[in-house]
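Trainee: Before we start, here is the structure in question, set down as C-alpha cells.
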Amino acid sequence: MGLNAQFDRAVPALQLKRNNLDIEEQAGVFYLGKPPSAGGHSSLYYTRLDQALMLWAIATAIIFFTAQFHAFDWHHQARVWSALSLSVLGATSIRAWPWAVALNLRWVVYLWTVITLVGLGLTDYGVYLSVGPILLSLCPLWLGLCALGYGITAMGMGSRALIGVVMVHLCAIGLVWLLPGWLFGITGGAIAGCLFILAQLEWDHSASVPR
C-alpha cells in the first residue's frame, strides 16, 4: 500500500468500540468480562493491535515517569530501558503481525521497528558518549520520532485520528521547551496517553484498508 490513502470523513475519527469485529480482528481478542461467545455482552476488549498499543503505553509510562520522578544513574537507565524497549518491541511486533498480514499492513510494523531502533540507537549513543546536544534533546527527539511515525502511518492508512495524535506530539514538544522541569512527564504523558486512547477506542484505521 502506498502513502496516499484517502481519508473517509463518513467514518468517525474516534468512536466507541463495536461488538461485531471483522474476521481478521477476532483471533487473539482479550475480553474484560464475559465474551459474547460465552453468552456475555462485554464491549471492553482488546484486539491484538490494541494489546500491542497497551504494552507500549505501559512501557513508555514506566520509562518516562521513572526518569521524571525517580531518576537514577543515566548509564544504568540506558541499559534497563533499552532492554525493556527491545523486549516490548519484539513482543508487540509478534502480537501485531497477524493483523498486519491480514490487512496488508506489514510496512507499519517495519516502520515502527525502524523508528524505535533509531531512537534507541541515538539515545544510547548520547548517553554512553555523553553527547550534550542529544542528552539535552532526548524528549523532543522521541516526540519528534513518534510524530514522524504517526504521520507516515496516518498518510498510509487514511487516518484522521492519527493526524490528531501527530498534533498532540508536536504540541508536547512546545510544552517541553516551555516547562523544562517537566520534560519527561510531559513526554511520557503524551506518548503513553495517545497509545492508551488508541487502544481503548476504535479509530479510522480501517477506512482505507482493502478487505
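Numbering starts fresh at 1 for the residues of each chain in the C-alpha cells, the chains themselves are lettered A, B, ... in the order given, and ligands are numbered from 1 as they appear.
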I'd like the contact shell of region 58-69 of chain A - 9 Å cut-off, only C-alpha atoms, skipping same-chain residues fewer than 2 positions apart - returned as a list of chain:residue names.
Mentor: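 Near neighbours after the sequence-gap exclusion: A:Leu53, A:Met54, A:Leu55, A:Trp56, A:Ala71, A:Phe72, A:Gln77, A:Trp81, A:Leu84, A:Ser85, A:Val88, A:Gly181, A:Trp182, A:Leu183, A:Phe184, A:Gly185, A:Ile186, A:Thr187, A:Gly188, A:Gly189, A:Ile191, A:Ala192, A:Gly193, A:Phe196.
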Trainee: I want to know what sits within 12 Å of Gly90 (chain A), based on only C-alpha atoms, with residues of the same chain fewer than 2 positions away left out; could you give that as number ranges by chain?
Mentor: A: 52, 55-56, 83-88, 92-97, 109-110, 112-113, 116-117
Trainee: Determine the nearest neighbour of Thr123 (chain A) from the options A:Leu103, A:Gly149, A:Ala78, A:Met155, counting only C-alpha atoms.
Mentor: A:Ala78
Trainee: Nearest to Tyr46 (chain A): which of A:Leu89, A:Ala199, A:Leu120, A:Ile134 is it, counting only C-alpha atoms?
Mentor: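 Looking only at the distances to Tyr46 (chain A), the closest residue turns out to be A:Ala199.
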Trainee: What are the nearest atom pairs, with distances in Å to one decimal, for all residues of region 126-174 of chain A that come at most 9 Å from region 8-16 of chain A, using only C-alpha atoms, set out by chain and rising residue number as JSON lines?
Mentor:
```
{"residue": "A:Gly158", "atom": "CA", "partner": "A:Asp8", "partner_atom": "CA", "distance": 7.2}
{"residue": "A:Ser159", "atom": "CA", "partner": "A:Ala13", "partner_atom": "CA", "distance": 7.1}
{"residue": "A:Arg160", "atom": "CA", "partner": "A:Ala13", "partner_atom": "CA", "distance": 5.6}
{"residue": "A:Ala161", "atom": "CA", "partner": "A:Ala13", "partner_atom": "CA", "distance": 4.9}
{"residue": "A:Leu162", "atom": "CA", "partner": "A:Ala13", "partner_atom": "CA", "distance": 8.6}
```
Trainee: Considering only C-alpha atoms, state which residue in the set A:Met157, A:Ala27, A:Leu32, A:Val176 is at the smallest distance from Pro140 (chain A).
Mentor: A:Val176
Trainee: Please provide the set of residues having any atom within 10 Å of Leu145 (chain A), restricted to only C-alpha atoms, with same-chain residues fewer than 5 positions apart removed, written as a list in words.
Mentor: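 Returned residues: Trp112, Ile115, Thr116, Val118, Gly119, Cys139, Pro140, Tyr150, Gly151 and His169 of chain A.
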Trainee: Go ahead and write the residues just picked, N, CA and C atoms, as a PDB file, in the first residue's frame.
Mentor:
```pdb
ATOM      1  N   TRP A 112       7.623   1.135  12.414  1.00  0.00           N
ATOM      2  CA  TRP A 112       7.787   1.412  13.843  1.00  0.00           C
ATOM      3  C   TRP A 112       8.972   0.684  14.445  1.00  0.00           C
ATOM      4  N   ILE A 115      11.826   3.063  13.533  1.00  0.00           N
ATOM      5  CA  ILE A 115      11.763   4.275  14.357  1.00  0.00           C
ATOM      6  C   ILE A 115      12.231   3.988  15.783  1.00  0.00           C
ATOM      7  N   THR A 116      11.796   2.871  16.346  1.00  0.00           N
ATOM      8  CA  THR A 116      12.206   2.513  17.706  1.00  0.00           C
ATOM      9  C   THR A 116      13.704   2.265  17.784  1.00  0.00           C
ATOM     10  N   VAL A 118      16.065   3.400  15.776  1.00  0.00           N
ATOM     11  CA  VAL A 118      16.771   4.670  15.587  1.00  0.00           C
ATOM     12  C   VAL A 118      16.767   5.477  16.882  1.00  0.00           C
ATOM     13  N   GLY A 119      15.612   5.552  17.524  1.00  0.00           N
ATOM     14  CA  GLY A 119      15.519   6.283  18.777  1.00  0.00           C
ATOM     15  C   GLY A 119      16.402   5.701  19.856  1.00  0.00           C
ATOM     16  N   CYS A 139      13.836  14.232  24.946  1.00  0.00           N
ATOM     17  CA  CYS A 139      12.372  14.241  24.899  1.00  0.00           C
ATOM     18  C   CYS A 139      11.848  14.758  23.560  1.00  0.00           C
ATOM     19  N   PRO A 140      12.336  15.909  23.067  1.00  0.00           N
ATOM     20  CA  PRO A 140      11.911  16.323  21.726  1.00  0.00           C
ATOM     21  C   PRO A 140      12.272  15.302  20.655  1.00  0.00           C
ATOM     22  N   TYR A 150       3.741   8.450  13.321  1.00  0.00           N
ATOM     23  CA  TYR A 150       2.290   8.571  13.232  1.00  0.00           C
ATOM     24  C   TYR A 150       1.875   9.286  11.947  1.00  0.00           C
ATOM     25  N   GLY A 151       2.665  10.279  11.534  1.00  0.00           N
ATOM     26  CA  GLY A 151       2.334  10.998  10.306  1.00  0.00           C
ATOM     27  C   GLY A 151       2.379  10.102   9.084  1.00  0.00           C
ATOM     28  N   HIS A 169       1.620  15.300  19.757  1.00  0.00           N
ATOM     29  CA  HIS A 169       3.062  15.158  19.964  1.00  0.00           C
ATOM     30  C   HIS A 169       3.803  16.453  19.645  1.00  0.00           C
TER      31      HIS A 169
END
```
Trainee: Kindly indicate which residue among A:Ser137, A:Val127, A:Trp99, A:Gly174 lies nearest to Ser82 (chain A), using only C-alpha atoms for the distances.
Mentor: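 Of all the options, A:Val127 lies closest to Ser82 (chain A).
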Trainee: Apply DSSP to the backbone of this structure and, from region 21-121 of chain A, keep only the residues in helix (DSSP H, G or I); write these as an mmCIF file with C-alpha atoms, in the first residue's frame.
Mentor:
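As written to disk, selection_34.cif reads:
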```cif
data_model
loop_
_atom_site.group_PDB
_atom_site.id
_atom_site.type_symbol
_atom_site.label_atom_id
_atom_site.label_comp_id
_atom_site.auth_asym_id
_atom_site.auth_seq_id
_atom_site.Cartn_x
_atom_site.Cartn_y
_atom_site.Cartn_z
ATOM 1 C CA ILE A 23 -12.866 -11.730 10.925
ATOM 2 C CA GLU A 24 -9.218 -10.649 10.873
ATOM 3 C CA GLU A 25 -9.674 -8.950 14.279
ATOM 4 C CA GLN A 26 -11.414 -11.788 16.107
ATOM 5 C CA PRO A 36 -20.130 -12.751 23.527
ATOM 6 C CA SER A 37 -19.197 -16.309 22.533
ATOM 7 C CA ALA A 38 -19.819 -17.365 26.131
ATOM 8 C CA ARG A 48 -4.035 -7.981 19.048
ATOM 9 C CA LEU A 49 -3.305 -4.451 17.835
ATOM 10 C CA ASP A 50 -4.864 -2.959 20.982
ATOM 11 C CA GLN A 51 -2.708 -5.252 23.110
ATOM 12 C CA ALA A 52 0.428 -4.087 21.303
ATOM 13 C CA LEU A 53 -0.558 -0.454 21.860
ATOM 14 C CA MET A 54 -1.234 -1.067 25.554
ATOM 15 C CA LEU A 55 2.130 -2.763 26.031
ATOM 16 C CA TRP A 56 3.879 0.265 24.548
ATOM 17 C CA ALA A 57 1.750 2.628 26.645
ATOM 18 C CA ILE A 58 2.763 0.832 29.843
ATOM 19 C CA ALA A 59 6.442 0.619 28.886
ATOM 20 C CA THR A 60 6.575 4.282 27.860
ATOM 21 C CA ALA A 61 4.892 5.398 31.076
ATOM 22 C CA ILE A 62 7.363 3.377 33.161
ATOM 23 C CA ILE A 63 10.387 4.780 31.313
ATOM 24 C CA PHE A 64 9.494 8.464 31.256
ATOM 25 C CA PHE A 65 7.727 8.743 34.604
ATOM 26 C CA THR A 66 10.634 6.979 36.307
ATOM 27 C CA ALA A 67 13.003 9.493 34.693
ATOM 28 C CA GLN A 68 10.746 12.319 35.911
ATOM 29 C CA PHE A 69 10.107 11.223 39.494
ATOM 30 C CA TRP A 74 21.928 7.535 33.326
ATOM 31 C CA HIS A 75 24.072 4.629 32.149
ATOM 32 C CA HIS A 76 22.050 2.179 34.199
ATOM 33 C CA GLN A 77 18.832 3.699 32.903
ATOM 34 C CA ALA A 78 20.054 3.325 29.318
ATOM 35 C CA ARG A 79 20.740 -0.378 29.846
ATOM 36 C CA VAL A 80 17.458 -1.099 31.635
ATOM 37 C CA TRP A 81 15.242 0.945 29.308
ATOM 38 C CA SER A 82 16.931 -0.372 26.173
ATOM 39 C CA ALA A 83 16.378 -3.942 27.342
ATOM 40 C CA LEU A 84 12.748 -3.178 28.192
ATOM 41 C CA SER A 85 12.140 -1.406 24.878
ATOM 42 C CA LEU A 86 13.679 -4.199 22.802
ATOM 43 C CA SER A 87 11.633 -6.790 24.694
ATOM 44 C CA VAL A 88 8.415 -4.843 24.151
ATOM 45 C CA LEU A 89 9.341 -4.238 20.508
ATOM 46 C CA GLY A 90 9.681 -7.969 19.940
ATOM 47 C CA ALA A 91 6.502 -8.818 21.839
ATOM 48 C CA THR A 92 4.372 -6.172 20.135
ATOM 49 C CA SER A 93 5.706 -6.963 16.669
ATOM 50 C CA ILE A 94 4.773 -10.607 17.139
ATOM 51 C CA ARG A 95 1.376 -9.635 18.531
ATOM 52 C CA ALA A 96 0.544 -7.175 15.752
ATOM 53 C CA TRP A 97 1.979 -9.223 12.884
ATOM 54 C CA PRO A 98 -1.154 -11.336 12.134
ATOM 55 C CA TRP A 99 -3.207 -8.122 11.978
ATOM 56 C CA ALA A 100 -0.624 -6.537 9.670
ATOM 57 C CA VAL A 101 -0.599 -9.563 7.380
ATOM 58 C CA ALA A 102 -4.403 -9.804 7.247
ATOM 59 C CA ARG A 106 3.334 -5.185 7.147
ATOM 60 C CA TRP A 107 5.017 -1.871 6.402
ATOM 61 C CA VAL A 108 3.514 -0.424 9.579
ATOM 62 C CA VAL A 109 5.370 -2.977 11.718
ATOM 63 C CA TYR A 110 8.576 -2.373 9.761
ATOM 64 C CA LEU A 111 8.212 1.398 10.073
ATOM 65 C CA TRP A 112 7.787 1.412 13.843
ATOM 66 C CA THR A 113 10.565 -1.109 14.295
ATOM 67 C CA VAL A 114 12.957 1.206 12.437
ATOM 68 C CA ILE A 115 11.763 4.275 14.357
ATOM 69 C CA THR A 116 12.206 2.513 17.706
ATOM 70 C CA LEU A 117 15.684 1.240 16.847
ATOM 71 C CA VAL A 118 16.771 4.670 15.587
ATOM 72 C CA GLY A 119 15.519 6.283 18.777
ATOM 73 C CA LEU A 120 17.242 3.723 20.992
ATOM 74 C CA GLY A 121 20.450 3.991 18.993
#
```
Trainee: Please report the interatomic distance between CA of His205 (chain A) and CA of Ala147 (chain A) in Å with one decimal.
Mentor: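 Result for CA of His205 (chain A) versus CA of Ala147 (chain A): 16.5 Å, one decimal.
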